[in-house]
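The file final_32.cif comes next; it holds mmCIF, C-alpha atoms and all ligand atoms.
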```cif
data_upload
loop_
_atom_site.label_atom_id
_atom_site.label_comp_id
_atom_site.auth_asym_id
_atom_site.auth_seq_id
_atom_site.Cartn_x
_atom_site.Cartn_y
_atom_site.Cartn_z
CA MET A 1 102.65 -84.36 -38.26
CA ALA A 2 102.64 -85.96 -34.80
CA ASN A 3 99.94 -88.54 -34.49
CA ASP A 4 98.65 -89.48 -31.06
CA ASP A 5 97.34 -92.78 -32.24
CA ALA A 6 99.77 -94.57 -34.53
CA LYS A 7 97.42 -97.38 -35.50
CA PRO A 8 96.56 -97.56 -39.20
CA ALA A 9 93.04 -96.37 -39.96
CA GLY A 10 91.84 -99.83 -40.96
CA GLY A 11 91.79 -101.66 -44.30
CA ALA A 12 94.92 -102.45 -46.24
CA ASN A 13 97.27 -99.58 -45.61
CA LYS A 14 100.28 -100.25 -47.81
CA LEU A 15 103.53 -98.38 -47.37
CA VAL A 16 106.40 -98.57 -49.85
CA ILE A 17 109.77 -97.02 -49.08
CA ARG A 18 112.02 -97.08 -52.15
CA ASN A 19 115.40 -95.82 -53.21
CA ILE A 20 116.99 -96.62 -49.82
CA GLY A 21 120.73 -95.96 -50.10
CA LEU A 22 121.78 -98.00 -47.07
CA LEU A 23 119.60 -100.42 -45.15
CA LEU A 24 120.61 -101.11 -41.54
CA SER A 25 118.89 -104.23 -40.26
CA GLY A 26 119.41 -103.94 -36.49
CA ASP A 27 120.62 -107.54 -36.54
CA LEU A 28 124.17 -108.03 -35.26
CA ARG A 29 124.62 -111.11 -37.46
CA GLN A 30 124.05 -109.06 -40.63
CA PRO A 31 123.89 -105.34 -39.84
CA ILE A 32 123.68 -104.20 -43.48
CA LEU A 33 121.10 -105.66 -45.85
CA ASP A 34 121.57 -105.84 -49.61
CA ALA A 35 118.18 -104.28 -50.35
CA ASN A 36 116.72 -100.87 -51.19
CA ILE A 37 112.95 -101.29 -50.82
CA VAL A 38 110.81 -101.96 -47.76
CA VAL A 39 107.10 -102.75 -48.02
CA ALA A 40 104.68 -102.77 -45.10
CA VAL A 41 100.98 -103.50 -44.81
CA ASP A 42 98.89 -102.25 -41.89
CA GLY A 43 101.96 -101.31 -39.88
CA LYS A 44 103.92 -104.54 -40.33
CA ILE A 45 106.83 -105.19 -42.69
CA THR A 46 105.83 -107.63 -45.44
CA ALA A 47 108.87 -107.51 -47.73
CA VAL A 48 112.46 -106.26 -47.84
CA GLY A 49 114.24 -106.48 -51.18
CA LYS A 50 115.06 -104.91 -54.51
CA ARG A 51 112.95 -103.71 -57.43
CA GLY A 52 111.59 -106.74 -59.23
CA ASP A 53 111.75 -108.92 -56.10
CA VAL A 54 109.03 -107.16 -54.16
CA ASP A 55 105.46 -106.15 -54.96
CA VAL A 56 105.25 -102.36 -54.81
CA ALA A 57 101.86 -102.03 -56.54
CA GLY A 58 98.84 -100.50 -54.85
CA ALA A 59 100.73 -98.48 -52.25
CA SER A 60 98.65 -96.05 -50.21
CA THR A 61 101.83 -94.20 -49.22
CA THR A 62 105.12 -94.13 -51.11
CA ILE A 63 108.28 -92.65 -49.67
CA ASP A 64 111.29 -91.87 -51.83
CA ALA A 65 114.26 -92.31 -49.48
CA LYS A 66 116.42 -90.40 -52.01
CA GLY A 67 119.40 -92.63 -51.32
CA THR A 68 119.40 -92.01 -47.56
CA THR A 69 119.78 -94.60 -44.80
CA LEU A 70 116.95 -96.54 -43.19
CA ALA A 71 117.29 -98.20 -39.78
CA PRO A 72 114.81 -99.65 -37.28
CA GLY A 73 113.40 -97.07 -34.85
CA LEU A 74 115.78 -96.69 -31.91
CA ILE A 75 115.00 -98.18 -28.50
CA ASP A 76 115.92 -96.48 -25.24
CA SER A 77 116.34 -99.31 -22.74
CA HIS A 78 116.40 -97.08 -19.65
CA VAL A 79 114.05 -94.17 -19.03
CA HIS A 80 112.24 -92.85 -15.99
CA PRO A 81 108.82 -91.63 -17.18
CA VAL A 82 106.23 -90.33 -14.73
CA ALA A 83 102.94 -89.42 -16.39
CA GLY A 84 102.03 -88.12 -19.81
CA ASP A 85 104.83 -86.31 -21.60
CA TRP A 86 105.99 -84.56 -18.43
CA THR A 87 109.00 -85.07 -16.20
CA PRO A 88 109.14 -83.47 -12.78
CA ARG A 89 112.90 -84.15 -12.58
CA GLN A 90 113.64 -81.09 -14.70
CA ASN A 91 110.11 -79.68 -14.84
CA GLN A 92 109.93 -80.32 -18.54
CA LEU A 93 107.03 -80.95 -20.88
CA GLY A 94 107.24 -82.76 -24.21
CA TRP A 95 110.45 -84.67 -23.50
CA ILE A 96 109.22 -87.90 -25.12
CA ASP A 97 108.27 -86.05 -28.30
CA SER A 98 111.76 -84.55 -28.31
CA TYR A 99 113.30 -88.04 -28.16
CA LEU A 100 111.14 -89.06 -31.12
CA HIS A 101 112.99 -86.32 -33.00
CA GLY A 102 116.17 -88.13 -31.95
CA GLY A 103 114.96 -91.33 -33.62
CA VAL A 104 113.67 -93.05 -30.47
CA THR A 105 110.40 -94.88 -31.12
CA THR A 106 110.38 -97.24 -28.13
CA MET A 107 111.23 -96.69 -24.48
CA VAL A 108 111.54 -99.10 -21.57
CA SER A 109 110.85 -97.79 -18.08
CA ALA A 110 113.39 -98.57 -15.37
CA GLY A 111 110.86 -97.40 -12.79
CA GLU A 112 108.49 -94.45 -12.46
CA VAL A 113 110.59 -93.41 -9.48
CA HIS A 114 110.43 -89.67 -10.05
CA THR A 115 106.69 -89.64 -9.36
CA PRO A 116 106.22 -87.05 -6.64
CA GLY A 117 105.21 -88.78 -3.39
CA ARG A 118 105.57 -92.25 -4.86
CA PRO A 119 104.19 -94.91 -2.53
CA ARG A 120 106.59 -97.26 -0.71
CA ASP A 121 104.03 -99.62 0.83
CA VAL A 122 103.32 -102.84 -1.05
CA VAL A 123 99.71 -102.07 -1.99
CA GLY A 124 100.71 -98.62 -3.19
CA VAL A 125 103.70 -99.95 -5.17
CA LYS A 126 101.48 -102.44 -6.98
CA ALA A 127 98.73 -99.91 -7.65
CA MET A 128 101.20 -97.44 -9.14
CA ALA A 129 102.75 -100.12 -11.34
CA VAL A 130 99.41 -101.15 -12.81
CA PHE A 131 98.42 -97.50 -13.26
CA ALA A 132 101.67 -96.72 -15.11
CA GLN A 133 101.39 -99.83 -17.27
CA ARG A 134 97.90 -98.77 -18.31
CA ILE A 135 98.56 -95.09 -18.98
CA PHE A 136 101.69 -95.70 -21.03
CA THR A 137 100.00 -98.42 -23.05
CA ALA A 138 97.23 -95.98 -23.97
CA PHE A 139 99.36 -92.85 -24.38
CA ARG A 140 101.78 -92.76 -27.31
CA PRO A 141 103.09 -89.26 -28.05
CA GLY A 142 103.92 -89.16 -31.76
CA GLY A 143 103.48 -92.93 -31.75
CA VAL A 144 106.35 -93.61 -29.29
CA ARG A 145 105.71 -96.89 -27.50
CA ILE A 146 106.52 -96.65 -23.79
CA HIS A 147 106.79 -99.89 -21.88
CA GLY A 148 105.92 -98.57 -18.45
CA GLY A 149 104.68 -99.91 -15.16
CA ALA A 150 107.96 -100.98 -13.59
CA PRO A 151 107.59 -101.41 -9.82
CA VAL A 152 110.63 -101.02 -7.59
CA ILE A 153 110.88 -103.88 -5.10
CA GLU A 154 110.31 -103.06 -1.43
CA HIS A 155 110.64 -105.13 1.74
CA GLY A 156 107.44 -106.98 2.54
CA MET A 157 106.67 -108.14 -1.00
CA VAL A 158 105.84 -111.84 -1.25
CA GLU A 159 105.55 -114.28 -4.15
CA GLU A 160 101.82 -113.65 -4.46
CA ASP A 161 102.50 -109.96 -5.18
CA PHE A 162 104.57 -110.81 -8.26
CA LYS A 163 101.93 -113.22 -9.47
CA GLU A 164 99.29 -110.53 -9.02
CA LEU A 165 101.41 -107.94 -10.87
CA ALA A 166 102.02 -110.32 -13.77
CA THR A 167 98.32 -111.17 -14.01
CA ALA A 168 97.56 -107.44 -14.11
CA GLY A 169 99.88 -106.95 -17.12
CA VAL A 170 103.16 -105.87 -15.50
CA THR A 171 106.17 -107.24 -17.42
CA ILE A 172 109.18 -105.38 -16.01
CA LEU A 173 110.63 -104.41 -12.63
CA GLY A 174 112.08 -100.99 -12.00
CA GLU A 175 115.73 -100.82 -10.98
CA VAL A 176 116.45 -103.12 -8.07
CA GLY A 177 118.13 -101.03 -5.38
CA LEU A 178 116.03 -97.88 -5.75
CA GLY A 179 113.61 -99.15 -3.09
CA SER A 180 114.17 -100.45 0.44
CA VAL A 181 115.68 -103.78 -0.66
CA LYS A 182 119.44 -103.26 -0.52
CA ASP A 183 120.71 -106.79 0.16
CA GLY A 184 121.50 -109.41 -2.47
CA LYS A 185 119.69 -112.25 -0.71
CA THR A 186 116.28 -110.55 -0.59
CA ALA A 187 116.75 -109.05 -4.05
CA ARG A 188 117.65 -112.43 -5.53
CA GLN A 189 114.51 -114.02 -4.06
CA MET A 190 112.25 -111.30 -5.46
CA VAL A 191 113.95 -111.39 -8.88
CA LEU A 192 113.36 -115.15 -8.97
CA TRP A 193 109.68 -114.67 -8.11
CA ALA A 194 109.40 -112.00 -10.80
CA ARG A 195 111.08 -114.25 -13.39
CA LYS A 196 108.81 -117.16 -12.47
CA TYR A 197 105.81 -115.06 -13.53
CA GLY A 198 107.43 -113.61 -16.65
CA ILE A 199 108.49 -110.25 -15.21
CA GLN A 200 111.93 -109.07 -16.34
CA SER A 201 114.32 -107.42 -13.88
CA THR A 202 117.01 -104.72 -14.03
CA ILE A 203 119.45 -103.77 -11.27
CA HIS A 204 120.98 -100.36 -10.56
CA THR A 205 124.78 -100.68 -10.76
CA GLY A 206 127.38 -98.38 -9.21
CA GLY A 207 127.25 -95.39 -6.92
CA PRO A 208 124.15 -93.43 -5.89
CA SER A 209 122.56 -91.37 -8.68
CA ILE A 210 121.05 -88.70 -6.47
CA PRO A 211 120.85 -88.10 -2.70
CA GLY A 212 118.78 -90.95 -1.23
CA SER A 213 119.94 -93.56 -3.77
CA SER A 214 122.78 -95.92 -2.76
CA LEU A 215 125.83 -97.94 -3.89
CA ILE A 216 125.33 -101.31 -5.53
CA ASP A 217 128.61 -103.16 -6.04
CA LYS A 218 129.48 -106.19 -8.17
CA ASP A 219 128.82 -108.64 -5.33
CA MET A 220 125.20 -107.52 -5.03
CA VAL A 221 124.76 -107.45 -8.81
CA LEU A 222 126.09 -111.01 -9.12
CA GLU A 223 124.08 -112.31 -6.17
CA THR A 224 120.83 -110.69 -7.34
CA ASP A 225 121.33 -111.98 -10.90
CA ALA A 226 118.76 -109.64 -12.49
CA ASP A 227 118.14 -110.03 -16.23
CA VAL A 228 119.76 -106.70 -17.07
CA ILE A 229 122.85 -105.21 -15.41
CA GLY A 230 121.39 -101.72 -15.51
CA HIS A 231 123.81 -98.89 -16.35
CA ILE A 232 126.92 -101.04 -15.89
CA ASN A 233 128.81 -97.80 -16.59
CA GLY A 234 127.29 -96.14 -13.51
CA GLY A 235 124.46 -93.77 -13.15
CA HIS A 236 126.71 -91.63 -13.15
CA THR A 237 129.29 -92.96 -10.60
CA ALA A 238 130.81 -96.18 -12.00
CA LEU A 239 132.22 -99.17 -10.16
CA PRO A 240 136.01 -99.66 -10.29
CA GLY A 241 137.19 -101.07 -13.63
CA ASP A 242 138.07 -104.50 -12.24
CA GLN A 243 134.50 -104.91 -10.94
CA ILE A 244 133.04 -103.97 -14.33
CA VAL A 245 135.28 -106.53 -16.06
CA GLU A 246 134.26 -109.15 -13.47
CA LEU A 247 130.57 -108.47 -14.12
CA CYS A 248 131.10 -108.92 -17.87
CA GLU A 249 133.02 -112.17 -17.29
CA LYS A 250 131.07 -113.82 -14.48
CA SER A 251 127.51 -112.88 -15.42
CA THR A 252 125.76 -113.84 -18.63
CA ARG A 253 123.15 -111.07 -18.25
CA ALA A 254 122.65 -108.04 -20.49
CA LEU A 255 125.18 -105.23 -20.27
CA GLU A 256 123.30 -101.95 -20.38
CA ILE A 257 125.36 -98.86 -21.19
CA VAL A 258 123.70 -95.49 -20.60
CA HIS A 259 124.23 -91.95 -21.78
CA ASN A 260 123.98 -90.52 -18.27
CA GLY A 261 126.79 -92.72 -17.03
CA ASN A 262 130.57 -92.75 -17.00
CA GLU A 263 131.90 -92.71 -20.56
CA ARG A 264 135.26 -94.26 -19.68
CA ALA A 265 133.42 -97.15 -18.01
CA SER A 266 131.17 -97.53 -21.05
CA LEU A 267 134.22 -97.99 -23.30
CA LEU A 268 135.70 -100.51 -20.84
CA THR A 269 132.43 -102.48 -20.92
CA LEU A 270 132.33 -102.41 -24.71
CA ARG A 271 135.96 -103.50 -25.01
CA THR A 272 135.44 -106.36 -22.55
CA ALA A 273 132.25 -107.55 -24.28
CA LYS A 274 134.09 -107.47 -27.60
CA GLU A 275 137.00 -109.52 -26.20
CA LEU A 276 134.50 -112.03 -24.82
CA LYS A 277 132.80 -112.12 -28.26
CA GLN A 278 129.56 -111.23 -26.52
CA LEU A 279 128.51 -107.99 -28.23
CA ASP A 280 124.98 -109.41 -28.35
CA ARG A 281 124.72 -108.59 -24.62
CA VAL A 282 125.27 -104.85 -25.15
CA ILE A 283 122.17 -102.64 -25.04
CA LEU A 284 121.81 -98.87 -24.81
CA GLY A 285 119.74 -96.49 -22.70
CA THR A 286 119.87 -92.89 -21.65
CA ASP A 287 118.91 -93.25 -17.94
CA SER A 288 116.93 -90.08 -18.32
CA PRO A 289 115.24 -87.82 -17.35
CA ALA A 290 117.89 -87.41 -14.68
CA GLY A 291 119.93 -84.91 -12.76
CA SER A 292 121.88 -84.29 -15.95
CA GLY A 293 118.69 -83.49 -17.82
CA VAL A 294 116.86 -85.01 -20.74
CA GLN A 295 118.73 -86.06 -23.87
CA PRO A 296 116.64 -86.18 -27.04
CA LEU A 297 119.75 -87.24 -28.97
CA GLY A 298 121.12 -89.45 -26.19
CA ILE A 299 120.86 -92.76 -28.03
CA LEU A 300 122.35 -91.28 -31.22
CA ARG A 301 125.15 -89.77 -29.13
CA MET A 302 125.89 -93.19 -27.60
CA ILE A 303 125.99 -94.84 -31.04
CA SER A 304 128.35 -92.17 -32.29
CA MET A 305 130.57 -92.20 -29.20
CA LEU A 306 130.89 -96.00 -29.12
CA ALA A 307 131.59 -96.17 -32.86
CA ALA A 308 134.13 -93.34 -32.80
CA LEU A 309 136.01 -94.23 -29.61
CA GLY A 310 135.18 -97.90 -29.09
CA GLU A 311 136.52 -99.20 -32.40
CA ILE A 312 133.15 -100.67 -33.33
CA PRO A 313 131.69 -100.28 -36.85
CA ALA A 314 128.84 -97.74 -36.81
CA GLU A 315 126.41 -100.29 -38.27
CA VAL A 316 127.16 -102.58 -35.30
CA ALA A 317 126.61 -99.75 -32.81
CA PHE A 318 123.12 -99.28 -34.32
CA CYS A 319 122.37 -102.92 -33.48
CA PHE A 320 123.04 -102.23 -29.79
CA ALA A 321 120.18 -99.69 -29.81
CA THR A 322 117.78 -101.75 -31.92
CA GLY A 323 117.93 -105.53 -32.44
CA ASN A 324 119.96 -106.30 -29.30
CA THR A 325 117.62 -104.37 -27.03
CA ALA A 326 114.51 -105.79 -28.68
CA LYS A 327 115.79 -109.32 -28.22
CA ILE A 328 116.82 -108.88 -24.61
CA ARG A 329 113.73 -106.86 -23.68
CA LYS A 330 111.48 -109.26 -25.65
CA LEU A 331 110.05 -106.48 -27.85
CA ASP A 332 108.73 -107.01 -31.36
CA GLY A 333 110.55 -104.02 -32.94
CA GLY A 334 114.23 -103.37 -33.49
CA LEU A 335 114.72 -105.26 -36.76
CA VAL A 336 113.99 -104.56 -40.41
CA ALA A 337 112.51 -107.94 -41.32
CA PRO A 338 109.15 -109.29 -42.47
CA GLY A 339 106.65 -109.53 -39.62
CA ARG A 340 108.28 -106.75 -37.58
CA PRO A 341 106.62 -103.36 -37.01
CA ALA A 342 107.12 -100.85 -39.83
CA THR A 343 108.91 -98.48 -37.48
CA PHE A 344 111.93 -96.75 -38.99
CA VAL A 345 114.25 -93.84 -38.78
CA LEU A 346 115.57 -92.38 -42.03
CA MET A 347 118.88 -90.55 -41.77
CA ASP A 348 121.66 -89.03 -43.79
CA LYS A 349 125.04 -87.66 -42.89
CA ALA A 350 124.73 -84.25 -41.31
CA GLN A 351 125.40 -81.25 -43.53
CA HIS A 352 129.14 -80.44 -43.63
CA SER A 353 130.24 -83.57 -41.77
CA ALA A 354 133.78 -84.53 -42.72
CA GLY A 355 132.64 -88.13 -43.24
CA LYS A 356 132.05 -89.13 -46.86
CA ASN A 357 128.79 -90.92 -46.03
CA LEU A 358 126.53 -91.63 -43.04
CA LEU A 359 128.56 -94.48 -41.56
CA ALA A 360 131.85 -92.64 -42.06
CA SER A 361 130.44 -89.52 -40.42
CA ILE A 362 129.34 -91.50 -37.33
CA GLN A 363 132.71 -93.24 -37.22
CA LEU A 364 134.24 -89.77 -36.98
CA GLY A 365 132.03 -88.98 -33.99
CA ASP A 366 129.42 -86.84 -35.75
CA LEU A 367 125.70 -87.30 -35.29
CA PRO A 368 123.49 -88.24 -38.24
CA GLY A 369 120.72 -85.94 -39.43
CA ILE A 370 117.25 -87.44 -39.18
CA GLY A 371 115.03 -86.81 -42.18
CA MET A 372 111.97 -88.83 -41.23
CA VAL A 373 110.56 -91.14 -38.56
CA VAL A 374 107.91 -93.74 -39.39
CA VAL A 375 105.96 -95.50 -36.62
CA ASP A 376 103.82 -98.55 -37.32
CA GLY A 377 103.65 -97.66 -41.01
CA LEU A 378 102.72 -94.00 -40.53
CA VAL A 379 104.97 -90.99 -41.04
CA SER A 380 105.29 -89.38 -37.61
CA VAL A 381 108.12 -86.89 -38.05
CA LEU A 382 109.53 -85.24 -41.16
CA ARG A 383 112.85 -83.43 -40.75
CA SER A 384 113.95 -83.66 -37.11
CA ARG A 385 113.90 -80.40 -35.20
CA ASN A 386 116.70 -81.67 -32.95
CA THR A 387 119.45 -83.32 -35.01
CA PRO A 388 121.88 -81.40 -37.19
CA PRO A 389 120.25 -81.07 -40.64
CA ALA A 390 120.56 -84.10 -42.89
CA THR A 391 122.33 -83.55 -46.22
CA THR A 392 119.48 -85.19 -48.16
CA LEU A 393 115.89 -85.58 -47.00
CA PRO A 394 113.52 -88.42 -47.92
CA GLU A 395 110.20 -87.35 -49.36
CA VAL A 396 106.62 -88.61 -49.23
CA VAL A 397 105.81 -88.79 -52.95
CA SER A 398 102.24 -90.06 -52.78
CA THR A 399 99.58 -90.73 -50.20
ZN ZN A 401 119.96 -96.38 -11.54
#
```
Write-out of the structure in structure tokens:
Amino acid sequence: MANDDAKPAGGANKLVIRNIGLLLSGDLRQPILDANIVVAVDGKITAVGKRGDVDVAGASTTIDAKGTTLAPGLIDSHVHPVAGDWTPRQNQLGWIDSYLHGGVTTMVSAGEVHTPGRPRDVVGVKAMAVFAQRIFTAFRPGGVRIHGGAPVIEHGMVEEDFKELATAGVTILGEVGLGSVKDGKTARQMVLWARKYGIQSTIHTGGPSIPGSSLIDKDMVLETDADVIGHINGGHTALPGDQIVELCEKSTRALEIVHNGNERASLLTLRTAKELKQLDRVILGTDSPAGSGVQPLGILRMISMLAALGEIPAEVAFCFATGNTAKIRKLDGGLVAPGRPATFVLMDKAQHSAGKNLLASIQLGDLPGIGMVVVDGLVSVLRSRNTPPATTLPEVVST
């Protein structure tokens, strides 16, 4: 049921999802909503409530959630796409579609750095960024929205280059540190130029990921002051614990925890953010494709790991991968609320999980089973081919 173009076909396209057993909002301030019906028109949520409160008449599609859980589509804050649904890192096709089957409906590029022969000269860097921004805006496998076109800063770039990139539609920088700029002073200047023109920045943190990449320690992260402390838990080699704690304490920027990082360091970051009462800074990514492969279930695995080992309620861990990321990355998804995209993942506890319900099963470290993914008001995936099977599946009852 994959649809290459997730836009509704025009006219009033009304979607009603009823009989929702548990509604996860994505909002850290109120992660669970007291509601069991969601209504959307033309791909946008119009109402969230209970029978009697919301107008369910005239639906073009009705989904019976059968008492399962609905959450906003998951966001992967850190991917390295190249072109189409192909990654040369592991010579794999269809990786984005596989992530959709792991509940990921939005991805943010941290740089198209795996592009074979990627240019390092300023004109080439800019051309590739605009190209990537365009192709990933137009290409949405299964409806997945990929925010691409993330240039990696190189020596020789001047303020005018950032202005030109912003005018051309570029909104994000790739990881600072993956190009020739390795000093905090130059990086800080370029990050400031980027910010001036509305381009968000992310910095690589920790040891080199692969041969050719390099160490970025807490001093460079603090001096550069990028908007997102990219993979604060290393990619995979983490900084010493005292440096991670110092980054949490001294910086106010987003704390990005990734799947392809150091798990011990991710728990230290989470614990520190919790002590600081700053869980709103925590966002999740996979940092994939990478040397350790592609992880279709990477975001779900992070949610489960952080909930099970980090003493965080599972419904809060979902917020890290939805509302928190949307807010920090300035995306319109990530929340179940009127006006937001009708992009959802429907889940239930996996068959034979020891947990008594979905949240309990995640708290025990199990993964949920995905029964359906909806993108912009259209059903994109029925039962996931990648998660363990859900105990109960939602059903499309009328179209
Ligand atoms: Zn990195």
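Considering the residues A:Ala110, A:Ile37, A:Ile370, A:Leu22 and counting all atoms listed in the file, ligand ZN 401 (chain A) has its shortest atom-to-atom contact with A:Ala110.
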TODO: Could you give me, as a list in words, the residues within 8 Å of A:Phe318, counting all atoms listed in the file and dropping anything in the same chain fewer than 5 positions from it?
DONE: Leu24, Gly26 and Ile303 of chain A
Task: Local residues around (123.3, -102.7, -48.6), at most 10 Å away, using all atoms listed in the file, as an NGL selection string - done: :A and (20-25 or 31-36 or 69)
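Comparing the minimum interatomic distances between A:Ile153 and each of A:Met190, A:Ile172, A:Asp183, A:Gly84, counting only C-alpha atoms, we find that A:Met190 sits nearest.
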TODO: Kindly indicate which residue among A:His147, A:His259, A:Lys196, A:Arg51 lies nearest to ligand ZN 401 (chain A), using all atoms listed in the file for the distances.
DONE: A:His259
Task: One-decimal distance in Å that lies between atom CA of A:Asp42 and atom CA of A:Lys327 - done: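 Distance between the two atoms: 22.9 Å.
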- [ ] Write out as a list in words the residues lying within 6 Å of stretch 231-246 of chain A, counting all atoms listed in the file and excluding same-chain residues fewer than 5 positions away.
- [x]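 Contacts, with the query itself left out: Thr205, Gly206, Gly207, Ser209, Lys218, Glu256, Ile257, Val258, Asn260, Gly261, Asn262, Ala265 and Ser266 of chain A.
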Open item on the list: Between atom CA of A:Val113 and atom CA of A:Leu297, what is the distance in Å, rounded to a tenth?
Closed with: 22.4 Å
- [ ] May I ask which of the residues A:Ser384, A:Met347, A:Gly369, A:Ile45 is the closest one to A:Lys66, counting only C-alpha atoms?
- [x] A:Met347
TODO: Quote the spacing between atom CA of A:Val38 and atom CA of A:Gly365 in Å to one decimal place.
DONE: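 Those two atoms sit 28.4 Å apart.
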Task: Residue nearest ligand ZN 401 (chain A) among A:Glu112, A:Asp225, A:Asp219, A:Glu160 (counting only C-alpha atoms and all ligand atoms) - done: A:Glu112
Task: From A:Gly179, A:Gly184, A:Pro211, A:Gly43, residue lying nearest A:Gly156 [all atoms listed in the file] - done: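 Distance minimum relative to A:Gly156 lands on A:Gly179.
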TODO: List the neighbours of A:Phe344 out to 6 Å using all atoms listed in the file; skip same-chain residues closer than 3 positions along the sequence, and give me the result as a list in words.
DONE: Ala71, Pro72, Gly73, Val373 and Val374 of chain A
Enclose the full set of atoms of stretch 255-265 of chain A listed in the file within a box whose edges lie along x, y and z, apply 3 Å of padding to each of the six sides, and report centre and edge lengths in Å to one decimal as lines of an AutoDock Vina configuration file.
```
center_x = 129.3
center_y = -97.9
center_z = -19.4
size_x = 18.0
size_y = 20.7
size_z = 10.8
```
- [ ] Skip A:Ser77 itself and residues of its chain fewer than 5 positions away, then list as a ChimeraX atom specification all residues within 9 Å of it, counting all atoms listed in the file.
- [x] /A:106-110,256,258,283-287,321,325-326,329
TODO: Using only C-alpha atoms, determine which residues lie at most 9 Å from A:Gly58, disregarding the query and same-chain residues fewer than 3 positions distant; provide the list as a ChimeraX atom specification.
DONE: /A:14,55,61
Every residue with an atom at most 12 Å from (119.2, -104.6, -2.1) (file coordinates; all atoms listed in the file) is what I'm after, so could you write them as a PDB file with C-alpha atoms, keeping the file's coordinate frame?
```pdb
ATOM      1  CA  VAL A 152     110.630-101.020  -7.590  1.00  0.00           C
ATOM      2  CA  ILE A 153     110.880-103.880  -5.100  1.00  0.00           C
ATOM      3  CA  GLU A 154     110.310-103.060  -1.430  1.00  0.00           C
ATOM      4  CA  HIS A 155     110.640-105.130   1.740  1.00  0.00           C
ATOM      5  CA  GLU A 175     115.730-100.820 -10.980  1.00  0.00           C
ATOM      6  CA  VAL A 176     116.450-103.120  -8.070  1.00  0.00           C
ATOM      7  CA  GLY A 177     118.130-101.030  -5.380  1.00  0.00           C
ATOM      8  CA  LEU A 178     116.030 -97.880  -5.750  1.00  0.00           C
ATOM      9  CA  GLY A 179     113.610 -99.150  -3.090  1.00  0.00           C
ATOM     10  CA  SER A 180     114.170-100.450   0.440  1.00  0.00           C
ATOM     11  CA  VAL A 181     115.680-103.780  -0.660  1.00  0.00           C
ATOM     12  CA  LYS A 182     119.440-103.260  -0.520  1.00  0.00           C
ATOM     13  CA  ASP A 183     120.710-106.790   0.160  1.00  0.00           C
ATOM     14  CA  GLY A 184     121.500-109.410  -2.470  1.00  0.00           C
ATOM     15  CA  LYS A 185     119.690-112.250  -0.710  1.00  0.00           C
ATOM     16  CA  THR A 186     116.280-110.550  -0.590  1.00  0.00           C
ATOM     17  CA  ALA A 187     116.750-109.050  -4.050  1.00  0.00           C
ATOM     18  CA  ARG A 188     117.650-112.430  -5.530  1.00  0.00           C
ATOM     19  CA  GLN A 189     114.510-114.020  -4.060  1.00  0.00           C
ATOM     20  CA  MET A 190     112.250-111.300  -5.460  1.00  0.00           C
ATOM     21  CA  VAL A 191     113.950-111.390  -8.880  1.00  0.00           C
ATOM     22  CA  ILE A 203     119.450-103.770 -11.270  1.00  0.00           C
ATOM     23  CA  HIS A 204     120.980-100.360 -10.560  1.00  0.00           C
ATOM     24  CA  THR A 205     124.780-100.680 -10.760  1.00  0.00           C
ATOM     25  CA  SER A 213     119.940 -93.560  -3.770  1.00  0.00           C
ATOM     26  CA  SER A 214     122.780 -95.920  -2.760  1.00  0.00           C
ATOM     27  CA  LEU A 215     125.830 -97.940  -3.890  1.00  0.00           C
ATOM     28  CA  ILE A 216     125.330-101.310  -5.530  1.00  0.00           C
ATOM     29  CA  ASP A 217     128.610-103.160  -6.040  1.00  0.00           C
ATOM     30  CA  ASP A 219     128.820-108.640  -5.330  1.00  0.00           C
ATOM     31  CA  MET A 220     125.200-107.520  -5.030  1.00  0.00           C
ATOM     32  CA  VAL A 221     124.760-107.450  -8.810  1.00  0.00           C
ATOM     33  CA  LEU A 222     126.090-111.010  -9.120  1.00  0.00           C
ATOM     34  CA  GLU A 223     124.080-112.310  -6.170  1.00  0.00           C
ATOM     35  CA  THR A 224     120.830-110.690  -7.340  1.00  0.00           C
ATOM     36  CA  ASP A 225     121.330-111.980 -10.900  1.00  0.00           C
ATOM     37  CA  ALA A 226     118.760-109.640 -12.490  1.00  0.00           C
TER      38      ALA A 226
END
```
